[in-house]
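S.K.: Contents of final-v4.txt (compact mmCIF, C-alpha atoms and all ligand atoms):
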# COMPACT_ATOMS: atom_id res chain seq x y z
CA MET A 7 -2.42 -6.75 8.14
CA ARG A 8 -5.40 -9.13 7.96
CA LYS A 9 -8.37 -9.16 10.32
CA THR A 10 -11.71 -10.92 10.55
CA LEU A 11 -14.52 -8.38 10.81
CA SER A 12 -18.28 -8.64 11.16
CA PHE A 13 -20.43 -6.89 8.54
CA ASN A 14 -21.05 -4.10 11.04
CA GLU A 15 -17.35 -3.67 11.61
CA ILE A 16 -16.75 -3.59 7.86
CA ASN A 17 -19.30 -0.79 7.56
CA LYS A 18 -17.53 1.12 10.30
CA LEU A 19 -14.24 0.51 8.49
CA ALA A 20 -15.66 2.14 5.35
CA ASP A 21 -16.65 5.19 7.41
CA ASP A 22 -13.17 5.41 8.95
CA ILE A 23 -11.55 5.11 5.56
CA ILE A 24 -13.53 8.08 4.27
CA ASP A 25 -12.38 10.07 7.31
CA VAL A 26 -8.69 9.28 6.83
CA ILE A 27 -8.05 9.28 3.07
CA ASP A 28 -7.38 12.21 0.73
CA ASN A 29 -9.95 13.36 -1.82
CA LYS A 30 -8.01 11.87 -4.69
CA THR A 31 -7.41 8.38 -3.33
CA VAL A 32 -7.73 5.32 -5.55
CA ILE A 33 -9.24 2.37 -3.67
CA ALA A 34 -8.55 -1.05 -5.19
CA LEU A 35 -11.12 -3.61 -4.02
CA ILE A 36 -10.07 -7.20 -4.53
CA GLY A 37 -12.16 -10.22 -3.61
CA ASP A 38 -14.09 -13.15 -5.05
CA LEU A 39 -17.70 -12.98 -6.22
CA GLY A 40 -20.02 -11.90 -3.46
CA THR A 41 -17.38 -11.02 -0.88
CA GLY A 42 -18.90 -7.54 -0.41
CA LYS A 43 -17.13 -5.14 -2.76
CA THR A 44 -20.27 -3.36 -3.98
CA THR A 45 -21.68 -3.25 -0.46
CA PHE A 46 -18.47 -1.59 0.68
CA VAL A 47 -18.78 1.08 -2.02
CA LYS A 48 -22.39 1.69 -0.97
CA ARG A 49 -21.19 2.40 2.52
CA LEU A 50 -18.40 4.71 1.33
CA ALA A 51 -21.01 6.63 -0.67
CA GLN A 52 -23.40 6.75 2.27
CA LYS A 53 -20.67 8.21 4.47
CA LEU A 54 -20.08 10.88 1.82
CA GLU A 55 -23.82 11.61 1.86
CA VAL A 56 -24.37 10.59 -1.74
CA THR A 57 -28.10 10.76 -2.43
CA ASP A 58 -28.18 8.52 -5.53
CA ILE A 59 -28.85 4.81 -5.25
CA VAL A 60 -25.51 3.05 -5.62
CA LYS A 61 -25.65 -0.01 -7.82
CA SER A 62 -23.14 -2.35 -9.34
CA PRO A 63 -21.53 -0.82 -12.45
CA THR A 64 -20.75 -4.22 -13.94
CA PHE A 65 -22.41 -3.53 -17.29
CA ASN A 66 -21.33 0.09 -17.70
CA TYR A 67 -17.88 -0.31 -16.10
CA VAL A 68 -18.05 3.06 -14.33
CA ILE A 69 -20.73 5.06 -12.54
CA GLU A 70 -20.15 8.60 -11.27
CA TYR A 71 -21.69 9.77 -8.01
CA LEU A 72 -21.52 13.53 -7.75
CA THR A 73 -24.13 14.35 -5.13
CA GLY A 74 -21.97 13.71 -2.05
CA LYS A 75 -19.30 15.77 -0.29
CA ILE A 76 -16.66 14.46 -2.68
CA PRO A 77 -17.22 12.85 -6.11
CA ILE A 78 -16.92 9.07 -6.23
CA TYR A 79 -16.14 7.22 -9.44
CA HIS A 80 -17.14 3.59 -9.07
CA PHE A 81 -15.54 1.12 -11.48
CA ASP A 82 -16.19 -2.58 -11.90
CA VAL A 83 -13.65 -4.00 -14.33
CA TYR A 84 -14.72 -7.65 -14.07
CA ARG A 85 -15.73 -7.80 -17.73
CA LEU A 86 -12.72 -6.05 -19.28
CA CYS A 87 -10.80 -8.31 -21.66
CA GLU A 88 -7.56 -6.32 -21.50
CA PRO A 89 -6.35 -4.01 -18.71
CA SER A 90 -5.64 -1.28 -21.28
CA GLU A 91 -9.36 -1.13 -22.19
CA ILE A 92 -9.91 0.88 -19.03
CA TYR A 93 -8.55 3.95 -20.87
CA GLU A 94 -11.47 3.70 -23.30
CA ILE A 95 -13.84 4.51 -20.45
CA GLY A 96 -11.95 7.63 -19.39
CA TYR A 97 -9.75 6.18 -16.66
CA GLU A 98 -6.99 8.75 -17.22
CA ASP A 99 -9.43 11.66 -16.83
CA TYR A 100 -10.82 10.18 -13.64
CA LEU A 101 -7.31 9.76 -12.24
CA ASN A 102 -6.66 13.46 -12.92
CA SER A 103 -9.88 14.72 -11.38
CA ASP A 104 -10.65 15.41 -7.73
CA GLY A 105 -12.59 12.56 -6.31
CA ILE A 106 -12.31 9.09 -4.92
CA ILE A 107 -11.91 6.26 -7.41
CA VAL A 108 -13.08 2.84 -6.22
CA ILE A 109 -12.38 -0.15 -8.44
CA GLU A 110 -14.02 -3.55 -7.97
CA TRP A 111 -11.85 -6.42 -9.28
CA ALA A 112 -8.83 -4.05 -9.32
CA ASN A 113 -6.50 -7.07 -9.58
CA ILE A 114 -7.60 -7.36 -13.23
CA ILE A 115 -6.07 -3.96 -14.02
CA GLN A 116 -3.14 -4.29 -11.61
CA SER A 117 -0.71 -3.09 -14.31
CA GLU A 118 -2.71 0.11 -14.78
CA LEU A 119 -3.08 1.11 -11.13
CA PRO A 120 -1.31 4.37 -10.12
CA ASP A 121 1.90 4.49 -8.07
CA GLU A 122 -0.11 4.92 -4.88
CA TYR A 123 -3.43 3.36 -3.96
CA LEU A 124 -5.31 1.84 -1.05
CA GLN A 125 -5.65 -1.89 -1.53
CA ILE A 126 -8.45 -3.70 0.29
CA ASN A 127 -8.73 -7.46 -0.05
CA LEU A 128 -11.90 -9.23 1.03
CA TYR A 129 -11.96 -12.97 1.73
CA TYR A 130 -14.86 -15.23 2.68
CA SER A 131 -14.85 -16.22 6.27
CA ASP A 132 -18.30 -16.90 7.71
CA ASP A 133 -21.89 -15.94 6.89
CA GLU A 134 -21.82 -12.54 8.53
CA GLU A 135 -18.11 -11.75 8.48
CA ARG A 136 -15.16 -11.41 6.13
CA GLU A 137 -11.42 -11.41 6.43
CA ILE A 138 -10.11 -8.02 5.39
CA GLU A 139 -6.60 -7.01 4.46
CA ILE A 140 -5.63 -3.37 4.01
CA LYS A 141 -2.49 -1.85 2.62
CA TYR A 142 -1.67 1.58 1.24
CA VAL A 143 0.63 0.68 -1.63
CA GLY A 144 3.47 3.00 -2.66
CA ASN A 145 3.78 5.19 0.44
CA ASP A 146 4.94 3.66 3.72
CA LYS A 147 4.16 6.72 5.79
CA LYS A 148 0.57 6.89 4.59
CA ASN A 149 0.26 3.13 4.99
CA GLU A 150 1.21 3.44 8.64
CA GLU A 151 -1.07 6.43 9.21
CA ILE A 152 -4.12 4.83 7.58
CA LEU A 153 -3.70 1.42 9.20
CA LYS A 154 -3.34 3.02 12.60
CA TYR A 155 -6.46 5.14 12.06
CA VAL A 156 -8.62 2.19 11.03
CA GLY A 157 -7.32 -0.07 13.78
CA PHE A 158 -5.26 -2.36 11.58
CA SER A 159 -1.84 -1.77 13.10
CA ASN A 160 -0.25 -3.74 15.89
N1 LIG A 201 -20.95 -5.11 4.87
C1 LIG A 201 -21.96 -5.94 4.59
N2 LIG A 201 -23.13 -5.87 5.25
C2 LIG A 201 -24.15 -6.68 4.98
N3 LIG A 201 -24.12 -7.63 4.03
C3 LIG A 201 -23.00 -7.77 3.32
C4 LIG A 201 -21.85 -6.94 3.56
N4 LIG A 201 -20.88 -7.31 2.70
C5 LIG A 201 -21.39 -8.32 1.97
N5 LIG A 201 -22.66 -8.61 2.33
C6 LIG A 201 -23.51 -9.68 1.75
O1 LIG A 201 -22.85 -10.25 0.62
C7 LIG A 201 -23.65 -10.11 -0.56
C8 LIG A 201 -22.78 -9.84 -1.75
O2 LIG A 201 -22.17 -8.58 -1.60
P1 LIG A 201 -21.72 -7.68 -2.82
O3 LIG A 201 -22.69 -7.68 -3.92
O4 LIG A 201 -21.33 -6.40 -2.24
O5 LIG A 201 -20.44 -8.50 -3.31
P2 LIG A 201 -19.43 -8.17 -4.51
O6 LIG A 201 -18.09 -8.52 -3.99
O7 LIG A 201 -19.66 -6.80 -5.01
O8 LIG A 201 -19.89 -9.24 -5.59
P3 LIG A 201 -19.53 -9.24 -7.16
O9 LIG A 201 -18.20 -9.92 -7.25
O10 LIG A 201 -20.62 -10.06 -7.74
O11 LIG A 201 -19.50 -7.83 -7.65
C9 LIG A 201 -24.62 -9.00 -0.23
O12 LIG A 201 -25.81 -9.11 -0.97
C10 LIG A 201 -24.84 -9.17 1.25
O13 LIG A 201 -25.78 -10.19 1.48
MG MG A 202 -19.94 -6.08 -6.98
Step by step, read the file and then write its structure as structure tokens.
Ligand SMILES: Nc1ncnc2c1ncn2[C@@H]1O[C@H](COP(=O)(O)OP(=O)(O)OP(=O)(O)O)[C@@H](O)[C@H]1O
Ligand SMILES: [Mg+2]
M.R.:
Amino acid sequence: MRKTLSFNEINKLADDIIDVIDNKTVIALIGDLGTGKTTFVKRLAQKLEVTDIVKSPTFNYVIEYLTGKIPIYHFDVYRLCEPSEIYEIGYEDYLNSDGIIVIEWANIIQSELPDEYLQINLYYSDDEEREIEIKYVGNDKKNEEILKYVGFSN
């Protein structure tokens, strides 16, 4: 389901997502340049009480945040040439560890995403709002549960 949300509502959505997902969830963030992917990760980290400054991992591909209640592994795969290159930065190990994995530009590594993941699409709408689409891929029951929790079900 797709909804137009203000920036404040998007921040609240990030908080709700942290409350409803499991510790090992993969979050696939998909959206054009400047739609708010990094800002969303900052808010997820804030909700987890991460004390580090969260910045865009564009040049290092992945940054680990271990100071919060749950580890967060923040990927930005915009500059990968091939989806399979993600394994060179330890993707498999991150998938096997306890912690939330958030991937900016996840559409680029679509073929390498796990069987289940939370997909969040961000689309430009207006200056202070975005259209947001959420779907938990690969598990209908969880999809229903999460969408209901975050106010995205009918
Ligand atoms: N939730 C939000 N609250 C306030 N401002 C926001 C929010 N989301 C996006 N913005 C605005 O959009 C700008 C770009 O956001 P951000 O850097 O998070 O985008 P991005 O999708 O990560 O971009 P890139 O594709 O370059 O990585 C921010 O600097 C901010 O001005
Ligand atoms: Mg970014």
S.K.: Select, from A:Ile95, A:Leu35, A:Leu124, A:Val26, the residue with the minimum atom-to-atom distance to ligand MG 202 (chain A), counting only C-alpha atoms and all ligand atoms.
M.R.: A:Leu35
S.K.: Rounded to one decimal place, report the atom CA of Val60 of chain A-atom CA of Thr41 of chain A distance in Å.
M.R.: 16.9 Å
S.K.: List all protein, DNA and RNA residues that have any atom at most 10 Å from ligand LIG 201 (chain A), counting only C-alpha atoms and all ligand atoms, and write the list as a PyMOL selection string.
M.R.: chain A and resi 11-20+35-49+61-64+82-84+110-111+128-130+133-136
S.K.: For a quick check of your reading of the model, name the residues lying within 12 Å of the coordinate (-10.2, 4.2, -18.7), counting all atoms listed in the file, and write them as an MDAnalysis selection string.
M.R.: chainID A and resid 66:68 79:83 86 88:102 107 109 115 118:119
S.K.: Would you mind telling me which residue in A:Ser159, A:Ala112, A:Ile76, A:Thr31 lies nearest to ligand MG 202 (chain A) when using all atoms listed in the file?
M.R.: A:Ala112
S.K.: Kindly compute an axis-aligned box around the listed atoms of segment 62-77 of chain A, allowing 4 Å on each side, and express its centre and edge lengths in Å to one decimal as AutoDock Vina command-line options.
M.R.:
--center_x -20.4 --center_y 5.8 --center_z -9.0 --size_x 15.5 --size_y 28.0 --size_z 25.4
S.K.: Just give me the gap between atom CA of Val32 of chain A and atom CA of Ile106 of chain A in Å, one decimal is fine.
M.R.: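 Taking atom CA of Val32 of chain A as the start and atom CA of Ile106 of chain A as the end point, the length is 6.0 Å.
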S.K.: Return the single residue from A:Leu54, A:Glu70, A:Lys75, A:Arg85 that is closest to ligand MG 202 (chain A), with distances computed using all atoms listed in the file.
M.R.: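 Once distances to ligand MG 202 (chain A) are computed over all atoms listed in the file, the minimum belongs to A:Arg85.
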S.K.: Which residue, A:Lys53, A:Ile27, A:Asp21, A:Ser131, has the smallest gap to Asn149 of chain A when you use all atoms listed in the file?
M.R.: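 Nearest to Asn149 of chain A: A:Ile27.
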S.K.: Ranking A:Lys9, A:Asp28, A:Ile23, A:Val108 by minimum distance to ligand MG 202 (chain A) and counting only C-alpha atoms and all ligand atoms, which one comes first?
M.R.: A:Val108
S.K.: May I ask for the distance between atom CA of Pro77 of chain A and atom CA of Lys30 of chain A, given in Å to one decimal place?
M.R.: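 Computed distance, atom CA of Pro77 of chain A to atom CA of Lys30 of chain A, equals 9.4 Å.
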S.K.: Output segment 41-72 of chain A with N, CA and C atoms present, as a JSON list (two decimals), in the coordinates of the input.
M.R.:
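Contents of rebuild10.json, as written:
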[["chain", "number", "residue", "atom", "x", "y", "z"],
["A", 41, "THR", "N", -18.07, -11.24, -2.16],
["A", 41, "THR", "CA", -17.38, -11.02, -0.88],
["A", 41, "THR", "C", -17.77, -9.69, -0.24],
["A", 42, "GLY", "N", -18.39, -8.78, -1.02],
["A", 42, "GLY", "CA", -18.90, -7.54, -0.41],
["A", 42, "GLY", "C", -18.29, -6.26, -0.97],
["A", 43, "LYS", "N", -17.77, -6.32, -2.17],
["A", 43, "LYS", "CA", -17.13, -5.14, -2.76],
["A", 43, "LYS", "C", -18.15, -4.03, -3.02],
["A", 44, "THR", "N", -19.26, -4.38, -3.68],
["A", 44, "THR", "CA", -20.27, -3.36, -3.98],
["A", 44, "THR", "C", -20.88, -2.81, -2.69],
["A", 45, "THR", "N", -21.12, -3.69, -1.74],
["A", 45, "THR", "CA", -21.68, -3.25, -0.46],
["A", 45, "THR", "C", -20.75, -2.24, 0.21],
["A", 46, "PHE", "N", -19.46, -2.48, 0.09],
["A", 46, "PHE", "CA", -18.47, -1.59, 0.68],
["A", 46, "PHE", "C", -18.54, -0.20, 0.01],
["A", 47, "VAL", "N", -18.68, -0.20, -1.31],
["A", 47, "VAL", "CA", -18.78, 1.08, -2.02],
["A", 47, "VAL", "C", -20.05, 1.82, -1.62],
["A", 48, "LYS", "N", -21.13, 1.06, -1.42],
["A", 48, "LYS", "CA", -22.39, 1.69, -0.97],
["A", 48, "LYS", "C", -22.17, 2.42, 0.35],
["A", 49, "ARG", "N", -21.43, 1.79, 1.22],
["A", 49, "ARG", "CA", -21.19, 2.40, 2.52],
["A", 49, "ARG", "C", -20.27, 3.62, 2.41],
["A", 50, "LEU", "N", -19.27, 3.55, 1.55],
["A", 50, "LEU", "CA", -18.40, 4.71, 1.33],
["A", 50, "LEU", "C", -19.26, 5.88, 0.84],
["A", 51, "ALA", "N", -20.16, 5.59, -0.09],
["A", 51, "ALA", "CA", -21.01, 6.63, -0.67],
["A", 51, "ALA", "C", -21.96, 7.20, 0.39],
["A", 52, "GLN", "N", -22.48, 6.32, 1.21],
["A", 52, "GLN", "CA", -23.40, 6.75, 2.27],
["A", 52, "GLN", "C", -22.69, 7.71, 3.22],
["A", 53, "LYS", "N", -21.46, 7.36, 3.56],
["A", 53, "LYS", "CA", -20.67, 8.21, 4.47],
["A", 53, "LYS", "C", -20.40, 9.58, 3.84],
["A", 54, "LEU", "N", -20.30, 9.61, 2.52],
["A", 54, "LEU", "CA", -20.08, 10.88, 1.82],
["A", 54, "LEU", "C", -21.39, 11.61, 1.53],
["A", 55, "GLU", "N", -22.48, 11.03, 2.02],
["A", 55, "GLU", "CA", -23.82, 11.61, 1.86],
["A", 55, "GLU", "C", -24.27, 11.70, 0.40],
["A", 56, "VAL", "N", -23.88, 10.71, -0.36],
["A", 56, "VAL", "CA", -24.37, 10.59, -1.74],
["A", 56, "VAL", "C", -25.86, 10.27, -1.68],
["A", 57, "THR", "N", -26.65, 10.98, -2.49],
["A", 57, "THR", "CA", -28.10, 10.76, -2.43],
["A", 57, "THR", "C", -28.59, 9.76, -3.49],
["A", 58, "ASP", "N", -27.77, 9.49, -4.51],
["A", 58, "ASP", "CA", -28.18, 8.52, -5.53],
["A", 58, "ASP", "C", -28.18, 7.11, -4.94],
["A", 59, "ILE", "N", -28.90, 6.22, -5.63],
["A", 59, "ILE", "CA", -28.85, 4.81, -5.25],
["A", 59, "ILE", "C", -27.60, 4.22, -5.91],
["A", 60, "VAL", "N", -26.76, 3.63, -5.09],
["A", 60, "VAL", "CA", -25.51, 3.05, -5.62],
["A", 60, "VAL", "C", -25.78, 1.62, -6.06],
["A", 61, "LYS", "N", -25.47, 1.35, -7.33],
["A", 61, "LYS", "CA", -25.65, -0.01, -7.82],
["A", 61, "LYS", "C", -24.39, -0.50, -8.52],
["A", 62, "SER", "N", -24.34, -1.78, -8.75],
["A", 62, "SER", "CA", -23.14, -2.35, -9.34],
["A", 62, "SER", "C", -22.94, -1.86, -10.77],
["A", 63, "PRO", "N", -21.76, -1.33, -11.09],
["A", 63, "PRO", "CA", -21.53, -0.82, -12.45],
["A", 63, "PRO", "C", -21.03, -1.89, -13.42],
["A", 64, "THR", "N", -21.31, -3.13, -13.14],
["A", 64, "THR", "CA", -20.75, -4.22, -13.94],
["A", 64, "THR", "C", -20.95, -4.03, -15.44],
["A", 65, "PHE", "N", -22.14, -3.61, -15.85],
["A", 65, "PHE", "CA", -22.41, -3.53, -17.29],
["A", 65, "PHE", "C", -21.98, -2.21, -17.92],
["A", 66, "ASN", "N", -21.81, -1.17, -17.11],
["A", 66, "ASN", "CA", -21.33, 0.09, -17.70],
["A", 66, "ASN", "C", -19.89, 0.41, -17.30],
["A", 67, "TYR", "N", -19.28, -0.46, -16.55],
["A", 67, "TYR", "CA", -17.88, -0.31, -16.10],
["A", 67, "TYR", "C", -17.63, 0.80, -15.10],
["A", 68, "VAL", "N", -18.27, 1.98, -15.30],
["A", 68, "VAL", "CA", -18.05, 3.06, -14.33],
["A", 68, "VAL", "C", -19.33, 3.85, -14.12],
["A", 69, "ILE", "N", -19.61, 4.18, -12.86],
["A", 69, "ILE", "CA", -20.73, 5.06, -12.54],
["A", 69, "ILE", "C", -20.18, 6.20, -11.69],
["A", 70, "GLU", "N", -20.59, 7.42, -12.02],
["A", 70, "GLU", "CA", -20.15, 8.60, -11.27],
["A", 70, "GLU", "C", -21.21, 8.97, -10.25],
["A", 71, "TYR", "N", -20.78, 9.25, -9.04],
["A", 71, "TYR", "CA", -21.69, 9.77, -8.01],
["A", 71, "TYR", "C", -21.20, 11.14, -7.61],
["A", 72, "LEU", "N", -21.98, 12.15, -7.92],
["A", 72, "LEU", "CA", -21.52, 13.53, -7.75],
["A", 72, "LEU", "C", -22.33, 14.31, -6.72]]
